[in-house]
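See structure below.
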There are 2 protein chains.
Amino acid sequence: MTDFTGKYEEYKNIINNNIECYIKKSEPVTLYNPLKYILSGGGKRIRPVLLMFCCEASGGNPTKAIDAAIAVEILHNFTLIHDDIMDNAVTRRGKETIHKKWDLNIAILAGDNMVGLAYESLLKTKSDRIKEILAEFTSGIIEVCEGQSYDKEFENSTGADPIKEKNIGIEDYFMMIEKKTSKLLTVSAVIGGLIGNANEVRIQALKAYSRNLGLAFQILDDLLDITADKKKFGKKTGGDLIEGKKTFLLLKALETIDKQADREILTGIIKNKGIQKDFNETITKVKKIYEEHGILNFARKEIEKYTALAEEQLSVFDISDGGLLKWYSQMLLGRGY
Amino acid sequence: MTDFTGKYEEYKNIINNNIECYIKKSEPVTLYNPLKYILSGGGKRIRPVLLMFCCEASGGNPTKAIDAAIAVEILHNFTLIHDDIMDNAVTRRGKETIHKKWDLNIAILAGDNMVGLAYESLLKTKSDRIKEILAEFTSGIIEVCEGQSYDKEFENSTGADPIKEKNIGIEDYFMMIEKKTSKLLTVSAVIGGLIGNANEVRIQALKAYSRNLGLAFQILDDLLDITADKKKFGKKTGGDLIEGKKTFLLLKALETIDKQADREILTGIIKNKGIQKDFNETITKVKKIYEEHGILNFARKEIEKYTALAEEQLSVFDISDGGLLKWYSQMLLGRGY
């Protein structure tokens, strides 16, 4: 497979350079300082690069997609700021989160303003299909909010009240992550395709490609929470368990494990909305349960399945264009699981 | 002057009926219940009606402006939800605020989602000038966030640190309220004009009309905070003083009053970021100071001045069309000051 690392880095640098120049204002300082702080904080820029790649794969000029690429990156960062508030997160990419470094009000406003700035950048895009582009982008905001809302609902669902609360299962999980994780990838891929003036068959292929990529990406994220080297992953091991997140692993384990002692540990986490004490001990126990019952391997297979489903879609592209997107999916999902 | 009360009520009812139907989804419930709660909570609907009036005054069919009118009303309600969080407000229009009735996370997400829903409604608008419409709407979000950010900066500015903090004056106040209050009226007026396909002269007139209307409206709001009958106004008397808001009255008083004893009371409020004890006593004292030094009368004259400046702009419209907008300004600012 052709290696497109150089192209990825090139486009990432274009995004980094342009996003820094994009925010020209400096006042009010309590609004623009935090905003510049998060936008210059790096990150892999996976969404804007995907957008430019999909534009290119569709026969378009990727430089015409830069404004839209910046728009999806700004939108993504808006979701990070507000999600960090909701998750009480203290750090992000090794730096203090905005609500921690400044305060709650500033974090809310910085996020809000970024939605406006994202549309402002998107509206600079020159395309005959601007209405479709705007509709896709807008549906992205709505679905990401719905996804985050389900995620918080699921976190708070202890199954203690069977009338008010249904048990959250794998099906609910997929519905949630399709909105919370896949949707912004789909927005990026589809907008890239629209700017490249892709035909309907290819737009649908990009939609399915990015959707499946997002599902694989989220299951991988859930897996890495428990298996990854803390330093490499940049997050606390077992963070999802501590917060009581209904991850793929936890839901799959509850669906398949019969052994009473193991079930009690898992349902305990759900009832307590996370881990409240003996953190490391509990995380180690859960990891052992996952290993013993083949949950980790099952997750790995699921990642492979959705990656394959994503890549299948690329047959409607020319070989070299499809190759670029195949390289992207391998890059995105090659985080050593 | 022709009475357009009937037309106002008719359009308000159209907005109320359409906005209730607009939100068709019900899940996730923690997202859509609060959203429906605030959107069905009434209010004067001054922005969407202004949008429809400006469309009509520009020769357009106001029914073609309904989707855009709903968009500005949803956007306005988004700002209310997030402002209420930042102001720690407990009630709004006599009902509990969303972050109080539900919680912080739900209020943040409901607001965020409403920005998406607002664009979704706006994008339904059939107009050749849709790109201008979207650009105006987008600049609205950005400026409203900037205005709110300045407002909070000003509230937190005690003048105690002359290097870091400049003294907030009347000029800063006008810059802030132009963004925080005028801008959404301007967005409404200009979008109405664009849908009505107004020429550039009329668009500029609508911009200046709504800008001045907004300034008069905010000064009136500041005035009513101290003079209004609590029941009629629906807010606590002196609420702005308690919160330490840099209102027109407070800034004008500080600019004009020399009497040391009076100054000390006023600067005390600024230093303490509001009133911390002896609430009623202090509010009564401040009201007396305002009265004695003619601050309240000065505010009334300013309201008249900006109302007149707004109405002057209407000369570029036909008499009956201008009459509709003149009636609107009188209605908006006729809150018995």
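FYI, nothing fancy with the structure tokens labels: chains A, B, ... in order, residues from 1 per chain, ligands from 1 as they appear.
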
- Message: If we count only C-alpha atoms and set the cut-off at 8 Å, which residues sit around range 39-43 of chain A, ignoring sequence neighbours fewer than 4 positions away in its own chain? Please answer as an MDAnalysis selection string.
- Response: chainID A and resid 16 19:20 35 74 77 93

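If you take only C-alpha atoms and a cut-off of 6 Å, the residues of chain A that reach chain B are Met86, Asn105, Asn113, Gly116, Thr138, Ile141, Ile142 and Cys145 of chain A.
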
- Would you list, as an NGL selection string, the residues of range 227-316 of chain B that end up in helix (DSSP H, G or I) under DSSP run on this structure's backbone? :B and (227 or 230-233 or 239-243 or 248-256 or 260-271 or 279-292 or 295-316)

With C-alpha atoms kept, could you save the residues just selected as a short mmCIF file (atom, residue, chain, number, x, y, z; two decimals), in the first residue's frame?
```
data_model
loop_
_atom_site.label_atom_id
_atom_site.label_comp_id
_atom_site.auth_asym_id
_atom_site.auth_seq_id
_atom_site.Cartn_x
_atom_site.Cartn_y
_atom_site.Cartn_z
CA THR B 227 -38.05 52.01 38.34
CA LYS B 230 -41.80 44.24 40.11
CA LYS B 231 -44.96 42.41 39.16
CA LYS B 232 -45.34 44.14 35.80
CA PHE B 233 -41.67 43.83 34.86
CA GLY B 239 -31.35 42.99 40.15
CA ASP B 240 -28.69 44.62 37.98
CA LEU B 241 -27.29 46.47 41.00
CA ILE B 242 -27.21 43.29 43.06
CA GLU B 243 -25.25 41.53 40.32
CA PHE B 248 -26.22 52.80 31.64
CA LEU B 249 -27.51 54.36 34.86
CA LEU B 250 -24.55 53.34 36.99
CA LEU B 251 -21.94 54.39 34.43
CA LYS B 252 -23.68 57.69 33.70
CA ALA B 253 -23.98 58.41 37.43
CA LEU B 254 -20.27 57.74 37.94
CA GLU B 255 -19.47 59.97 34.99
CA THR B 256 -21.50 62.93 36.21
CA GLN B 260 -18.37 62.38 47.51
CA ALA B 261 -20.92 60.55 49.68
CA ASP B 262 -22.95 59.53 46.66
CA ARG B 263 -19.87 58.46 44.70
CA GLU B 264 -18.78 56.22 47.54
CA ILE B 265 -22.04 54.30 47.44
CA LEU B 266 -21.75 53.80 43.69
CA THR B 267 -18.06 52.86 43.63
CA GLY B 268 -18.74 50.54 46.57
CA ILE B 269 -21.08 48.53 44.36
CA ILE B 270 -18.41 48.25 41.69
CA LYS B 271 -15.67 47.29 44.14
CA PHE B 279 -30.01 44.88 49.59
CA ASN B 280 -33.22 46.93 49.79
CA GLU B 281 -31.58 49.75 51.72
CA THR B 282 -28.78 50.10 49.17
CA ILE B 283 -31.13 49.88 46.20
CA THR B 284 -33.33 52.62 47.69
CA LYS B 285 -30.26 54.79 48.28
CA VAL B 286 -29.02 54.32 44.73
CA LYS B 287 -32.45 55.07 43.29
CA LYS B 288 -32.52 58.32 45.29
CA ILE B 289 -29.07 59.24 43.99
CA TYR B 290 -30.17 58.56 40.42
CA GLU B 291 -33.28 60.69 40.91
CA GLU B 292 -31.51 63.59 42.60
CA ILE B 295 -29.85 60.17 35.86
CA LEU B 296 -33.28 58.59 35.36
CA ASN B 297 -34.49 61.53 33.28
CA PHE B 298 -31.28 61.47 31.29
CA ALA B 299 -31.85 57.78 30.54
CA ARG B 300 -35.42 58.55 29.41
CA LYS B 301 -34.05 61.19 27.01
CA GLU B 302 -31.48 58.73 25.66
CA ILE B 303 -34.24 56.21 24.98
CA GLU B 304 -36.16 58.88 23.10
CA LYS B 305 -33.05 59.89 21.21
CA TYR B 306 -32.26 56.38 19.98
CA THR B 307 -35.90 55.67 19.22
CA ALA B 308 -36.00 58.81 17.07
CA LEU B 309 -32.74 57.82 15.37
CA ALA B 310 -34.28 54.43 14.62
CA GLU B 311 -37.47 55.90 13.20
CA GLU B 312 -35.60 58.44 11.04
CA GLN B 313 -34.31 55.52 9.00
CA LEU B 314 -37.80 54.59 7.92
CA SER B 315 -38.07 57.44 5.39
CA VAL B 316 -36.66 55.17 2.67
#
```

- Message: I'd like the neighbourhood of Pro48 in chain A as a PyMOL selection string, where a residue qualifies if any of its atoms comes within 12 Å (using only C-alpha atoms), though same-chain residues fewer than 3 positions away should be ignored.
- Response: chain A and resi 8-9+11-16+18-19+43-45+51-55+62-63+65-77+122+184-192

- Message: Set the distance at 9 Å and use only C-alpha atoms: which residues neighbour Met1 in chain A once local chain neighbours fewer than 5 positions away are removed? I'd like the list as a ChimeraX atom specification.
- Response: /A:323,326-327

- Query: What does the distance between CA of Gly60 in chain B and CA of Lys126 in chain B come to in Å, to one decimal place?
  - Reply: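 Separation between CA of Gly60 in chain B and CA of Lys126 in chain B: 12.0 Å.
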
- Task: Find the residues near Lys101 in chain B: any atom within 9 Å, counting only C-alpha atoms, skip ones fewer than 3 places away on the same chain, and give them as a ChimeraX atom specification.
- Result: /B:34,90,96-98

- Message: When DSSP is applied to the backbone of this structure, which of range 44-246 of chain A are assigned strand (DSSP E)? Write them out as number ranges by chain.
- Response: A: 91-92, 95-96

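Distance check against Lys95 in chain B using only C-alpha atoms: of B:Ile23, B:Ile38, B:Ala198, B:Ile226, the minimum falls on B:Ile38.
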
- For each of A:Ala107, A:Lys180, A:Ser121, A:Asn156, take the minimum atom-to-atom distance to Cys21 in chain A, counting only C-alpha atoms, then give the residue where this is smallest.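 Result for the nearest residue to Cys21 in chain A: A:Ser121.
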